[in-house]
$ cat entry_36.txt   # compact mmCIF, C-alpha atoms
# COMPACT_ATOMS: atom_id res chain seq x y z
CA MET A 1053 74.33 95.63 69.52
CA PRO A 1054 76.77 98.53 70.23
CA LYS A 1055 78.45 98.71 73.63
CA PRO A 1056 78.35 101.98 75.62
CA SER A 1057 81.81 103.52 75.97
CA HIS A 1058 80.77 105.51 79.05
CA LEU A 1059 80.72 102.26 81.04
CA SER A 1060 84.48 101.90 80.53
CA VAL A 1061 86.72 102.53 83.56
CA LEU A 1062 90.47 102.92 84.01
CA GLY A 1063 92.61 101.50 86.81
CA VAL A 1064 96.29 101.35 87.75
CA ALA A 1065 98.67 99.48 90.06
CA LYS A 1066 102.44 99.24 90.49
CA GLU A 1067 104.14 96.00 89.46
CA VAL A 1068 106.55 93.76 91.31
CA THR A 1069 107.93 92.15 88.14
CA PRO A 1070 108.07 94.28 84.96
CA GLY A 1071 105.47 93.08 82.48
CA THR A 1072 103.60 90.83 84.92
CA PRO A 1073 100.03 92.20 85.19
CA VAL A 1074 98.55 93.10 88.57
CA ALA A 1075 95.00 94.02 89.56
CA PRO A 1076 94.17 97.74 89.92
CA THR A 1077 94.62 99.32 93.33
CA LYS A 1078 93.30 102.72 92.18
CA TRP A 1079 90.65 103.77 89.66
CA ILE A 1080 91.25 107.00 87.78
CA PRO A 1081 88.56 109.21 86.21
CA TYR A 1082 89.49 109.96 82.61
CA LYS A 1083 88.44 112.13 79.67
CA THR A 1084 90.74 110.66 77.02
CA LEU A 1085 91.44 106.95 76.70
CA THR A 1086 93.00 105.65 73.48
CA PRO A 1087 94.89 102.35 73.49
CA LYS A 1088 96.87 101.37 70.40
CA ASP A 1089 97.84 97.72 70.02
CA ASP A 1090 101.05 97.10 68.07
CA ILE A 1091 101.45 93.66 66.43
CA ASN A 1092 104.26 94.51 63.97
CA LEU A 1093 103.44 92.00 61.24
CA ILE A 1094 106.44 90.66 59.32
CA GLU A 1095 106.19 90.65 55.53
CA ASP A 1096 107.42 87.80 53.34
CA THR A 1097 108.62 89.61 50.20
CA GLY A 1098 110.71 86.82 48.70
CA GLN A 1099 110.03 86.83 44.94
CA ARG A 1100 108.26 83.79 43.50
CA GLY A 1101 108.02 84.63 39.80
CA ALA A 1102 104.97 86.89 40.13
CA PRO A 1103 104.53 90.70 40.02
CA VAL A 1104 103.38 91.05 43.64
CA ASP A 1105 105.18 92.36 46.69
CA VAL A 1106 103.83 90.47 49.76
CA PHE A 1107 103.51 86.68 49.78
CA GLY A 1108 102.78 86.26 53.48
CA LEU A 1109 102.30 88.03 56.80
CA TYR A 1110 103.59 86.56 60.05
CA PRO A 1111 103.26 87.56 63.72
CA GLY A 1112 105.98 89.93 64.92
CA GLN A 1113 106.81 91.32 68.31
CA LYS A 1114 103.97 92.94 70.20
CA GLY A 1115 103.35 95.90 72.44
CA ALA A 1116 100.91 98.73 73.00
CA GLU A 1117 100.63 102.47 73.53
CA LEU A 1118 98.25 104.40 75.74
CA ASP A 1119 97.08 107.98 75.21
CA LEU A 1120 95.39 109.13 78.42
CA GLY A 1121 94.02 112.32 79.91
CA GLY A 1122 91.65 113.78 82.46
CA ASP A 1123 91.24 116.21 85.34
CA VAL A 1124 93.82 116.45 88.11
CA PHE A 1125 92.85 114.75 91.36
CA ALA A 1126 95.39 115.02 94.16
CA ASP A 1127 95.27 111.34 95.10
CA THR A 1128 95.50 109.89 91.56
CA ILE A 1129 97.93 112.21 89.74
CA GLY A 1130 100.74 110.72 91.83
CA TRP A 1131 100.67 107.57 89.69
CA MET A 1132 101.60 109.52 86.58
CA LEU A 1133 104.15 111.69 88.38
CA ALA A 1134 105.90 108.59 89.75
CA SER A 1135 106.32 107.26 86.21
CA VAL A 1136 108.15 110.33 84.89
CA LEU A 1137 109.83 111.52 88.13
CA PRO A 1138 110.60 108.34 90.12
CA ASP A 1139 112.75 109.89 92.86
CA LEU A 1140 109.94 109.93 95.43
CA VAL A 1141 110.22 111.02 99.05
CA THR A 1142 107.09 110.86 101.23
CA THR A 1143 106.93 112.55 104.62
CA GLY A 1144 104.26 112.95 107.32
CA ALA A 1145 102.96 110.80 110.16
CA SER A 1146 99.33 111.30 109.12
CA ALA A 1147 97.29 113.02 106.42
CA PRO A 1148 98.07 115.22 104.67
CA PHE A 1149 101.23 113.49 103.46
CA SER A 1150 103.81 115.27 101.32
CA HIS A 1151 105.13 113.43 98.24
CA VAL A 1152 108.09 115.04 96.50
CA PHE A 1153 108.84 113.77 92.97
CA SER A 1154 112.07 114.45 91.12
CA THR A 1155 114.48 112.91 88.62
CA LEU A 1156 116.01 109.65 89.85
CA CYS A 1157 119.78 109.93 89.43
CA THR A 1158 120.99 106.70 91.07
CA GLY A 1159 120.59 102.96 90.42
CA ASP A 1160 119.02 102.14 87.07
CA THR A 1161 117.17 105.54 87.12
CA GLN A 1162 113.98 103.74 86.05
CA PRO A 1163 110.41 104.25 87.31
CA THR A 1164 108.50 101.33 88.80
CA PRO A 1165 106.52 99.69 85.95
CA GLN A 1166 102.74 99.89 86.19
CA THR A 1167 99.76 97.89 84.95
CA TRP A 1168 96.95 99.99 83.47
CA THR A 1169 93.59 98.22 83.27
CA ILE A 1170 90.66 99.09 81.01
CA PHE A 1171 87.41 97.48 82.14
CA ASP A 1172 84.64 97.89 79.56
CA PRO A 1173 81.43 96.05 78.54
CA LEU A 1174 83.51 93.71 76.34
CA GLY A 1175 86.03 92.58 78.92
CA THR A 1176 88.96 93.50 81.15
CA TRP A 1177 92.19 94.45 79.40
CA GLN A 1178 95.44 94.73 81.34
CA TYR A 1179 98.36 96.68 79.84
CA PRO A 1180 101.44 95.74 81.89
CA GLY A 1181 104.99 97.10 82.00
CA ALA A 1182 103.78 100.65 81.39
CA GLN A 1183 106.27 103.49 81.34
CA PHE A 1184 105.32 107.08 80.55
CA SER A 1185 107.16 109.16 77.99
CA GLU A 1186 105.10 112.31 78.53
CA LEU A 1187 102.98 113.96 81.22
CA GLY A 1188 101.45 117.35 80.51
CA PHE A 1189 99.39 119.83 82.52
CA LYS A 1190 97.09 122.56 81.18
CA TRP A 1191 95.19 125.37 82.88
CA ASN A 1192 93.30 128.50 81.86
CA ALA A 1193 90.58 130.84 83.09
CA ASP A 1194 87.78 128.27 82.90
CA GLY A 1195 87.16 124.63 83.67
CA LEU A 1196 89.33 122.23 85.63
CA PHE A 1197 93.08 121.63 85.89
CA GLU A 1198 93.86 118.91 83.32
CA TRP A 1199 96.57 116.35 82.61
CA SER A 1200 97.44 114.29 79.54
CA ALA A 1201 99.96 111.49 79.16
CA LYS A 1202 101.49 108.95 76.77
CA ALA A 1203 102.80 105.52 77.76
CA SER A 1204 104.31 102.43 76.15
CA THR A 1205 103.33 99.01 77.49
CA TRP A 1206 103.61 95.29 76.89
CA PRO A 1207 100.75 93.67 74.92
CA TYR A 1208 97.46 93.44 76.79
CA ALA A 1209 96.30 90.44 78.78
CA THR A 1210 92.71 89.64 79.71
CA THR A 1211 91.47 88.89 83.21
CA THR A 1212 88.30 88.62 85.28
CA SER A 1213 85.99 91.56 85.95
CA PRO A 1214 87.09 93.85 88.81
CA THR A 1215 84.99 96.03 91.11
CA PRO A 1216 85.85 99.71 90.51
CA SER A 1217 85.65 102.43 93.16
CA PHE A 1218 86.55 106.06 92.65
CA THR A 1219 88.18 108.93 94.51
CA ALA A 1220 86.19 111.19 96.82
CA VAL A 1221 88.77 113.98 96.38
CA ALA A 1222 87.51 117.01 94.47
CA PRO A 1223 89.13 118.08 91.18
CA VAL A 1224 90.78 121.48 90.87
CA ALA A 1225 89.09 124.59 89.46
CA ASN A 1226 91.54 126.54 87.33
CA TRP A 1227 90.80 129.80 89.13
CA ASN A 1228 92.39 128.25 92.24
CA ILE A 1229 95.80 127.99 90.58
CA THR A 1230 98.58 130.45 91.45
CA ASN A 1231 101.51 131.08 89.13
CA LYS A 1232 104.83 132.56 90.16
CA ILE A 1233 107.78 133.81 88.13
CA ALA A 1234 111.01 134.49 90.03
CA GLY A 1235 109.05 134.02 93.27
CA ALA A 1236 106.51 136.76 92.51
CA THR A 1237 102.84 135.99 91.78
CA VAL A 1238 101.92 136.80 88.17
CA PHE A 1239 98.64 136.85 86.25
CA VAL A 1240 98.57 134.01 83.72
CA GLN A 1241 95.69 133.68 81.27
CA ASP A 1242 96.56 130.11 80.32
CA GLY A 1243 99.49 127.79 80.75
CA GLU A 1244 101.00 124.45 79.87
CA LEU A 1245 103.81 122.42 81.41
CA THR A 1246 105.01 119.13 79.93
CA ILE A 1247 107.45 116.63 81.42
CA LYS A 1248 109.01 114.32 78.82
CA ARG A 1249 111.26 111.25 78.99
CA GLY A 1250 113.09 109.48 76.23
CA MET A 1251 111.68 105.99 75.62
CA THR A 1252 113.13 102.84 74.07
CA VAL A 1253 111.33 99.51 73.76
CA ILE A 1254 114.16 96.96 73.95
CA ARG A 1255 113.50 93.94 71.74
CA GLY A 1256 115.50 90.94 70.64
CA SER A 1257 115.42 87.22 69.85
CA ALA A 1258 114.41 85.64 73.13
CA GLY A 1259 111.61 83.20 72.30
CA THR A 1260 108.85 85.71 73.08
CA GLN A 1261 106.85 88.41 71.32
CA ASN A 1262 107.07 90.60 74.43
CA PRO A 1263 109.67 93.34 74.94
CA TYR A 1264 112.73 92.64 77.05
CA ARG A 1265 112.17 95.96 78.82
CA ILE A 1266 110.64 99.37 78.22
CA TRP A 1267 113.48 101.71 79.09
CA THR A 1268 113.13 105.41 79.87
CA GLY A 1269 115.80 108.01 79.19
CA ASP A 1270 116.50 111.67 79.85
CA VAL A 1271 113.98 113.98 81.52
CA SER A 1272 113.08 117.34 79.98
CA VAL A 1273 110.51 120.00 80.81
CA GLU A 1274 108.96 122.65 78.59
CA GLY A 1275 105.99 124.96 78.89
CA LYS A 1276 103.95 127.87 77.61
CA LEU A 1277 102.30 130.85 79.33
CA THR A 1278 100.12 133.67 78.07
CA LEU A 1279 100.81 136.81 80.10
CA VAL A 1280 99.03 140.17 80.06
CA MET A 1281 101.80 142.58 79.07
CA GLU A 1282 101.53 145.31 81.69
CA ASP A 1283 105.21 146.21 81.31
CA SER A 1284 108.24 145.06 79.33
CA ALA A 1285 110.03 143.22 82.14
CA GLN A 1286 109.42 139.66 80.91
CA ARG A 1287 110.17 140.64 77.32
CA ALA A 1288 113.51 142.03 78.48
CA ILE A 1289 114.23 138.79 80.33
CA PHE A 1290 113.55 136.86 77.12
CA GLN A 1291 115.92 139.13 75.20
CA ALA A 1292 118.63 138.74 77.85
CA GLY A 1293 118.25 134.95 78.05
CA THR A 1294 118.00 135.15 81.83
CA ALA A 1295 116.91 132.04 83.72
CA GLN A 1296 114.36 132.42 86.52
CA ALA A 1297 112.12 130.24 88.67
CA PHE A 1298 108.58 129.20 87.75
CA ASP A 1299 105.83 127.74 89.94
CA CYS A 1300 102.34 126.41 89.24
CA ILE A 1301 100.55 125.90 92.55
CA TYR A 1302 97.17 124.88 93.89
CA LEU A 1303 96.03 124.13 97.43
CA GLN A 1304 92.54 123.25 98.66
CA GLY A 1305 90.82 121.70 101.66
CA ALA A 1306 91.92 121.85 105.28
CA ALA A 1307 93.50 119.66 107.95
CA ALA A 1308 93.59 115.95 106.99
CA THR A 1309 91.69 116.58 103.75
CA GLN A 1310 94.02 119.31 102.54
CA ASN A 1311 95.46 118.54 99.11
CA GLY A 1312 97.49 120.33 96.48
CA LEU A 1313 100.23 120.24 93.89
CA THR A 1314 103.25 122.46 93.28
CA LEU A 1315 105.17 122.19 90.02
CA HIS A 1316 108.43 124.00 90.67
CA CYS A 1317 111.27 124.70 88.24
CA SER A 1318 114.14 126.64 89.79
CA GLN A 1319 115.49 127.65 86.39
CA VAL A 1320 113.52 128.21 83.21
CA ALA A 1321 114.60 130.21 80.18
CA TYR A 1322 112.22 131.70 77.64
CA THR A 1323 112.63 130.33 74.11
CA GLU A 1324 109.91 132.59 72.70
CA GLY A 1325 108.59 135.92 73.95
CA THR A 1326 107.13 138.26 71.35
CA PRO A 1327 104.15 140.56 72.07
CA SER A 1328 100.77 139.80 70.49
CA TYR A 1329 98.42 142.60 69.38
CA GLY A 1330 95.45 140.52 68.29
CA LYS A 1331 93.19 141.50 71.21
CA GLU A 1332 92.12 144.81 72.74
CA TYR A 1333 95.05 144.55 75.14
CA ILE A 1334 98.66 143.47 74.56
CA GLU A 1335 99.58 139.91 75.44
CA LEU A 1336 102.98 138.29 75.85
CA PRO A 1337 102.91 134.59 74.90
CA VAL A 1338 106.08 132.94 76.17
CA SER A 1339 107.52 129.46 75.78
CA PHE A 1340 110.12 128.12 78.18
CA THR A 1341 112.52 125.25 78.74
CA ALA A 1342 113.54 124.15 82.21
CA ILE A 1343 117.26 123.80 83.00
CA ALA A 1344 118.50 120.88 85.10
CA ASN A 1345 119.88 122.08 88.41
CA THR A 1346 120.96 120.82 91.83
CA THR A 1347 118.13 122.57 93.72
CA ASP A 1348 115.18 120.58 92.35
CA VAL A 1349 116.71 117.20 93.19
CA GLY A 1350 115.40 114.51 95.51
CA ALA A 1351 117.11 111.95 97.72
CA SER A 1352 119.18 110.62 94.82
CA GLY A 1353 120.90 113.96 94.26
CA GLY A 1354 122.35 114.73 90.85
CA TYR A 1355 120.38 117.13 88.66
CA SER A 1356 116.71 117.67 87.90
CA PRO A 1357 114.79 120.27 85.85
CA ILE A 1358 111.68 120.08 88.06
CA LYS A 1359 110.40 119.13 91.48
CA ALA A 1360 106.72 118.27 91.99
CA THR A 1361 105.27 118.33 95.51
CA LEU A 1362 101.94 116.56 95.97
CA LEU A 1363 99.88 116.91 99.14
CA ASN A 1364 97.16 114.34 99.89
CA ALA A 1365 95.95 111.57 102.23
CA VAL A 1366 97.82 108.78 100.40
CA ALA A 1367 100.31 106.95 102.61
CA SER A 1368 103.95 106.21 101.81
CA GLY A 1369 104.63 103.20 99.58
CA THR A 1370 101.53 103.61 97.42
CA TYR A 1371 102.95 105.09 94.23
CA LYS A 1372 106.32 103.34 94.26
$ encode --input "entry_36.txt" --output "structure tokens"
Amino acid sequence: MPKPSHLSVLGVAKEVTPGTPVAPTKWIPYKTLTPKDDINLIEDTGQRGAPVDVFGLYPGQKGAELDLGGDVFADTIGWMLASVLPDLVTTGASAPFSHVFSTLCTGDTQPTPQTWTIFDPLGTWQYPGAQFSELGFKWNADGLFEWSAKASTWPYATTTSPTPSFTAVAPVANWNITNKIAGATVFVQDGELTIKRGMTVIRGSAGTQNPYRIWTGDVSVEGKLTLVMEDSAQRAIFQAGTAQAFDCIYLQGAAATQNGLTLHCSQVAYTEGTPSYGKEYIELPVSFTAIANTTDVGASGGYSPIKATLLNAVASGTYK
């Protein structure tokens, strides 16, 4: 008998020891959930006097990849932000707390590894040691503010059935988002912003099929906006190669239930910016790359291309 996929749930927790699974401390609503198990079979191709190419297959080193996505909730998106921007400073004596995420420029520069758990009608599958290589945001005129992400993990482990519980925080309607360029509010039809990190799965001969470590590298940020071309100012900025600030902001609720997210890049430069005449009005689709700077840094200093400020009722020490 088939098993219903809509009974599957997704949870996350931070790890103490990289690759050692831990039970979920938060359950995250999702829209996209695609695990990919890597077993890396080793081929025996030693010739044995026959016109064939593979004489045996043997277990290799293992791992997994996760392709995730869903709507932005102010209390759960912090888990993904902490995995790409691990310089985290939390302030506030009570809700709402402010969590500022940036590039970690001291120590080993690594995020805290996480265990992602999929609980479905067939069992409970824990993917430990997770590190994210990509976290993207999308918004437009309709629907809800969305995120998507890619992670590499150690091979899954099975465990007993958990008891899921989900956030009471509301998602974010796209109409509630404000965009700013050079500090001035602009009308944006649709937008994307993607934070990426280099990723290396370190493997060797160590008596185990598991990775030695999943190691993250440099941080980069890129994005796209579709603007209504009311004048030629932004086209001229593209032609001049001028860097300017960009903000994607939402804020909702009040008092202790107030929540929001600001994605702030102090310096972005357009890499594309040519008018489009395909509609009854002129559009200006632009692509941009964020430039690392000393303004968007956290407590570790150095340089960062972005600073993300998350406002919610989650206390310090939760995400990292």
$ residues_around --input "entry_36.txt" --residues "Asp1270 of chain A" --least-positions-apart "3" --cutoff "12 Å" --atoms "all atoms listed in the file" --output "VMD selection string"
chain A and resid 1136 to 1137 1155 to 1157 1161 to 1162 1185 to 1186 1247 to 1252 1267 1273 1344 1355 to 1357
$ closest_residue --input "entry_36.txt" --among "A:Leu1140, A:Leu1279, A:Leu1093, A:Leu1362" --to "Val1124 of chain A" --atoms "all atoms listed in the file"
A:Leu1362
$ atom_distance --input "entry_36.txt" --atom1 "atom CA of Trp1199 of chain A" --atom2 "atom CA of Thr1128 of chain A"
11.1 Å
$ atom_distance --input "entry_36.txt" --atom1 "atom CA of Val1152 of chain A" --atom2 "atom CA of Ala1367 of chain A"
12.8 Å
$ closest_residue --input "entry_36.txt" --among "A:Leu1336, A:Leu1133, A:Leu1109, A:Ile1170" --to "Thr1215 of chain A" --atoms "all atoms listed in the file"
A:Ile1170
$ residues_around --input "entry_36.txt" --residues "Thr1097 of chain A" --least-positions-apart "5" --cutoff "8 Å" --atoms "only C-alpha atoms" --output "PDB file with C-alpha atoms, keeping the file's coordinate frame"
ATOM      1  CA  ASP A1105     105.180  92.360  46.690  1.00  0.00           C
ATOM      2  CA  VAL A1106     103.830  90.470  49.760  1.00  0.00           C
ATOM      3  CA  PHE A1107     103.510  86.680  49.780  1.00  0.00           C
ATOM      4  CA  GLY A1108     102.780  86.260  53.480  1.00  0.00           C
TER       5      GLY A1108
END
$ closest_residue --input "entry_36.txt" --among "A:Ser1146, A:Gln1241, A:Asn1092, A:Ser1135" --to "Thr1164 of chain A" --atoms "all atoms listed in the file"
A:Ser1135
